[in-house]
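In what follows, a structure is listed as structure tokens, so that the remarks can point back to it.
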Amino acid sequence: MLAVYNLEQAEQWDFVVRSFKEYDVYWLSGYVKAFQIHGDGEPLLFHYESSVCRGINVVMKRDVADDPHFKDKIERDRYFDFATPYGYGGWIIEGEDTAGLYEAYSEWIRKNGVITEFVRFHPMLQNQEKCRDFYNVTQLGEVVHMDLNSPEDIWQNITSKNRNMIRKAIKNDVVIYNGRFPEIYEKFRVIYNSTMDKDDAEEYYYFEPEFYKSVLTDLPQNAQIFWAEKEGKVIAASIMLATNGRMNYHLSGSLREFSNIAPTNLLLYHAALWGNTNGYKTLYLGGGVGSGEDNLFKFKRAFYRGDLNRFHIGKKIYDVQKYDILCEKVMKKSNSENVKESGYFPEYRQ
């Protein structure tokens with residue numbers, strides 16, 4: 001009734017995912033492979049099937065001993081935790097009777113030494129609704145998407161100020177292209193890293209060439225780059241992910257010296273038009289940093305006048321005793337009660 005797949009079973013993994021009506025790219029094996037390369041853990045797909053309910057959940061299984069807090073402090077292969085891969089995940093469930101699913105999942109968890117699970121539910125799927133009885137679900141900030149019903153709807157949903165920025169980009173001879181080949185991924189990497197430098201981003205948000213090679217080769221039908229050029233120079237670029245009627249704005253960067261001519265505004269508008277032409281229903285843009293209504297959120301909000309969805313997270317402690325042991329080790333090391341007061345989960349990874 002409960003099957004678990006790893007990346008050595010990628011073909012079966014993706015066959016199962018695509019059998020679900022509401023799946024998105026974040027559940028596909030090719031998506032999580034890049035983040036395994038990035039060092040986020042071992043990707044696993046859980047698949048539950050019974051006569052009354054079926055579900056899938058994608059996780060990154062992490063050995064707590066690899067965390068800097070515990071370097072040379074605890075033994076390997078003893079303490080594990082789960083986290084949603086970068087982006088979104090959680091259980092996609094078809095059917096209403098979830099008791100058997102969570103019983104089978106919990107049994108596997110107990111047998112395999114998993115202490116906690118942290119979930120970022122998909123705002124467009126609202127898949128937290130069938131998980132509230134199992135996880136501690138918390139609502140966070142609003143997120144933005146674009147409806148791709150028609151070119152007219154796309155344009156009408158863009159604010160007047162943002163339309164003027166799009167017109168400005170066109171007037172300044174910015175042109176948009178899209179495709180997938182090694183050279184454009186390398187150009188993207190350089191521009192994206194310069195954007196991370198500008199934003200003083202954490203080290204985690206810098207990805208090695210092998211990461212981008214995986215996106216290129218392991219998501220051949222689902223990932224491509226849209227980029228903006230001026231006089232033959234690439235000045236902005238974004239990785240777009242697409243499957244099952246959904247587009248997702250994944251990673252993005254632009255050159256600061258060209259920000260006044262709004263290349264990313266034009267890029268997103270063209271990506272939305274491309275999505276409409278190719279049968280996609282939505283383009284998910286996301287929210288602000290840390291779910292806040294910051295300048296990034298306001299930029300995205302200018303592309304859609306309609307109602308917004310909210311982002312939810314889920315938390316679960318499976319082994320309270322081991323959880324407390326790890327938290328105690330961290331607090332002893334930091335000599336601070338701030339660990340418990342911060343709200344970070346799991347506390348021992350703060």
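Letters for chains follow the order of the structure tokens (A, B, ...), residue numbers begin at 1 for each chain, and ligand numbers begin at 1 in the order shown.
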Q. Which residues come within 6 Å of Tyr48 in chain A, counting only C-alpha atoms, excluding same-chain residues fewer than 4 positions away, as a ChimeraX atom specification?
A. /A:1-2,54-55
Next, write the just-selected residues to a file, as a PDB file, in the first residue's frame, keeping N, CA and C atoms as the atom set.
```
ATOM      1  N   MET A   1       0.818  -1.206   0.000  1.00  0.00           N
ATOM      2  CA  MET A   1       0.000   0.000   0.000  1.00  0.00           C
ATOM      3  C   MET A   1       0.859   1.265   0.000  1.00  0.00           C
ATOM      4  N   LEU A   2       2.085   1.184   0.544  1.00  0.00           N
ATOM      5  CA  LEU A   2       3.000   2.324   0.544  1.00  0.00           C
ATOM      6  C   LEU A   2       4.280   1.919  -0.156  1.00  0.00           C
ATOM      7  N   ARG A  54      -5.498   7.619  -2.452  1.00  0.00           N
ATOM      8  CA  ARG A  54      -4.144   7.502  -3.004  1.00  0.00           C
ATOM      9  C   ARG A  54      -3.441   8.838  -2.814  1.00  0.00           C
ATOM     10  N   GLY A  55      -2.117   8.792  -2.716  1.00  0.00           N
ATOM     11  CA  GLY A  55      -1.385  10.042  -2.513  1.00  0.00           C
ATOM     12  C   GLY A  55       0.088   9.894  -2.840  1.00  0.00           C
TER      13      GLY A  55
END
```
Exercise. Per DSSP on the backbone, filter range 165-291 of chain A down to the residues in strand (DSSP E or B) and report them as a VMD selection string.
Key: chain A and resid 174 to 179 223 to 230 233 to 243 246 to 254 282 to 286
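Candidate residues A:Lys298, A:Asn6, A:Thr84, A:Ile56 were compared for distance to Thr159 in chain A, and the nearest is A:Lys298, using only C-alpha atoms.
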Counting only C-alpha atoms, which residue out of A:Lys61, A:Lys198, A:Lys171, A:Lys187 sits closest to Ile109 in chain A?
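The closest residue to Ile109 in chain A is A:Lys61.
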Legend entry - Test item: residues at most 7 Å from Ala34 in chain A, only C-alpha atoms, excluding those fewer than 2 positions along its chain, as a list in words: Tyr31, Val32, Gln36, Ile37, His38, Phe211, Ser214 and Val215 of chain A
Long-range neighbours of Phe46 in chain A as a list in words, 9 Å cut-off, only C-alpha atoms, 6 positions minimum in chain: Leu2, Ala3, Val4, Tyr5, Gly55, Ile56, Asn57, Val58, Val59, Trp91 and Tyr105 of chain A
**OP:** Pick out the residues sitting within 12 Å of range 162-164 of chain A, and hand them over as a ChimeraX atom specification; count only C-alpha atoms, and ignore anything fewer than 4 positions along from it in its own chain.
**Re:** /A:154-158,168-171,261-266,268-269,298-305
So that I have them on file, write out the residues from the current selection with C-alpha atoms, as an mmCIF file, in the first residue's frame.
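And here's part.cif as it stands now:
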```
data_model
loop_
_atom_site.group_PDB
_atom_site.id
_atom_site.type_symbol
_atom_site.label_atom_id
_atom_site.label_comp_id
_atom_site.auth_asym_id
_atom_site.auth_seq_id
_atom_site.Cartn_x
_atom_site.Cartn_y
_atom_site.Cartn_z
ATOM 1 C CA ILE A 154 -3.112 38.805 -19.369
ATOM 2 C CA TRP A 155 -2.838 42.465 -20.431
ATOM 3 C CA GLN A 156 -5.918 43.634 -18.532
ATOM 4 C CA ASN A 157 -4.672 42.065 -15.294
ATOM 5 C CA ILE A 158 -1.390 43.987 -15.458
ATOM 6 C CA LYS A 168 9.350 51.338 -22.028
ATOM 7 C CA ALA A 169 11.290 48.117 -22.501
ATOM 8 C CA ILE A 170 9.895 47.730 -26.010
ATOM 9 C CA LYS A 171 10.700 51.366 -26.832
ATOM 10 C CA ILE A 261 14.464 49.903 -18.945
ATOM 11 C CA ALA A 262 12.501 47.084 -17.258
ATOM 12 C CA PRO A 263 13.696 43.970 -19.132
ATOM 13 C CA THR A 264 12.216 41.550 -16.574
ATOM 14 C CA ASN A 265 8.791 43.188 -16.865
ATOM 15 C CA LEU A 266 8.778 42.539 -20.593
ATOM 16 C CA LEU A 268 7.392 37.982 -17.755
ATOM 17 C CA TYR A 269 4.764 39.424 -20.085
ATOM 18 C CA LYS A 298 4.991 44.471 -5.112
ATOM 19 C CA PHE A 299 6.827 43.847 -8.393
ATOM 20 C CA LYS A 300 5.024 40.531 -8.846
ATOM 21 C CA ARG A 301 1.685 41.910 -7.701
ATOM 22 C CA ALA A 302 1.792 44.407 -10.580
ATOM 23 C CA PHE A 303 1.222 41.493 -12.988
ATOM 24 C CA TYR A 304 -2.127 40.414 -11.568
ATOM 25 C CA ARG A 305 -5.078 42.423 -10.270
#
```
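Taking only C-alpha atoms, the non-local environment of range 110-123 of chain A within 7 Å (same-chain residues fewer than 3 positions away omitted) comprises Arg78, Tyr79, Phe80, Asp81, Phe82, Ala83, Thr84, Tyr88, Gly89, Gly90, Ser106, Glu107, Gln126, Asn127, Gln128, Asn309, Arg310, Phe311, His312, Ile313, Gly314, Lys315, Lys316, Ile317, Tyr318, Asp319, Lys322 and Tyr323 of chain A.
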Per-residue nearest contacts range 180-261 of chain A to range 136-149 of chain A, cut-off 12 Å, using only C-alpha atoms, as CSV:
```
residue,atom,partner,partner_atom,distance
A:Gly245,CA,A:Leu148,CA,10.0
A:Arg246,CA,A:Leu148,CA,9.6
A:Met247,CA,A:His145,CA,9.5
A:Asn248,CA,A:His145,CA,8.9
A:Tyr249,CA,A:His145,CA,9.4
```
Would you output that residue set with N, CA and C atoms, as a PDB file, in the first residue's frame?
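Result file result.pdb:
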```
ATOM      1  N   GLY A 245      -0.229  21.943 -17.411  1.00  0.00           N
ATOM      2  CA  GLY A 245      -1.024  23.169 -17.459  1.00  0.00           C
ATOM      3  C   GLY A 245      -0.524  24.295 -16.583  1.00  0.00           C
ATOM      4  N   ARG A 246       0.612  24.104 -15.909  1.00  0.00           N
ATOM      5  CA  ARG A 246       1.127  25.107 -14.987  1.00  0.00           C
ATOM      6  C   ARG A 246       2.524  25.559 -15.395  1.00  0.00           C
ATOM      7  N   MET A 247       2.755  26.873 -15.337  1.00  0.00           N
ATOM      8  CA  MET A 247       4.095  27.428 -15.471  1.00  0.00           C
ATOM      9  C   MET A 247       4.525  27.991 -14.126  1.00  0.00           C
ATOM     10  N   ASN A 248       5.834  27.920 -13.865  1.00  0.00           N
ATOM     11  CA  ASN A 248       6.382  28.419 -12.604  1.00  0.00           C
ATOM     12  C   ASN A 248       7.640  29.242 -12.871  1.00  0.00           C
ATOM     13  N   TYR A 249       7.643  30.437 -12.330  1.00  0.00           N
ATOM     14  CA  TYR A 249       8.786  31.357 -12.372  1.00  0.00           C
ATOM     15  C   TYR A 249       9.773  30.862 -11.320  1.00  0.00           C
TER      16      TYR A 249
END
```
Report the closest atom pair, with its distance in Å rounded to one decimal, for each residue of range 204-304 of chain A that has an atom no farther than 8 Å from range 188-195 of chain A; count only C-alpha atoms, sort by chain and then rising residue number, and write it as CSV.
```
residue,atom,partner,partner_atom,distance
A:Tyr206,CA,A:Asn193,CA,6.5
A:Phe207,CA,A:Arg189,CA,7.9
A:Pro209,CA,A:Arg189,CA,7.7
A:Tyr212,CA,A:Arg189,CA,7.8
A:Ile235,CA,A:Ile191,CA,7.7
A:Ala236,CA,A:Ile191,CA,7.1
A:Ala237,CA,A:Phe188,CA,5.9
A:Ser238,CA,A:Phe188,CA,7.4
A:Leu251,CA,A:Tyr192,CA,7.8
A:Ser252,CA,A:Tyr192,CA,6.2
A:Gly253,CA,A:Tyr192,CA,4.3
A:Ser254,CA,A:Ile191,CA,5.9
A:Leu255,CA,A:Ile191,CA,6.5
A:Arg256,CA,A:Thr195,CA,7.8
```
List every residue of range 44-213 of chain A that DSSP, applied to the backbone of this structure, assigns to alpha helix (DSSP H), and report them as a ChimeraX atom specification. /A:99-111,151-156,160-171,182-198,209-213
Near Arg180 in chain A, counting only C-alpha atoms, which residues have an atom at most 12 Å away, once you skip same-chain residues fewer than 5 positions from it, shown as a PyMOL selection string?
chain A and resi 185-188+212-213+215-217+219-227+237-241
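Distance-wise, CA of Glu210 in chain A and CA of Leu285 in chain A end up 25.2 Å apart.
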Note to self: Calculated over only C-alpha atoms, which of the candidates A:Val16, A:Glu208, A:Ser259, A:Tyr344 has the smallest distance to Met165 in chain A?
What the structure shows: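 Closest to Met165 in chain A of all the choices is A:Ser259.
Between CA of Cys131 in chain A and CA of Gly39 in chain A lies a distance of 27.6 Å.
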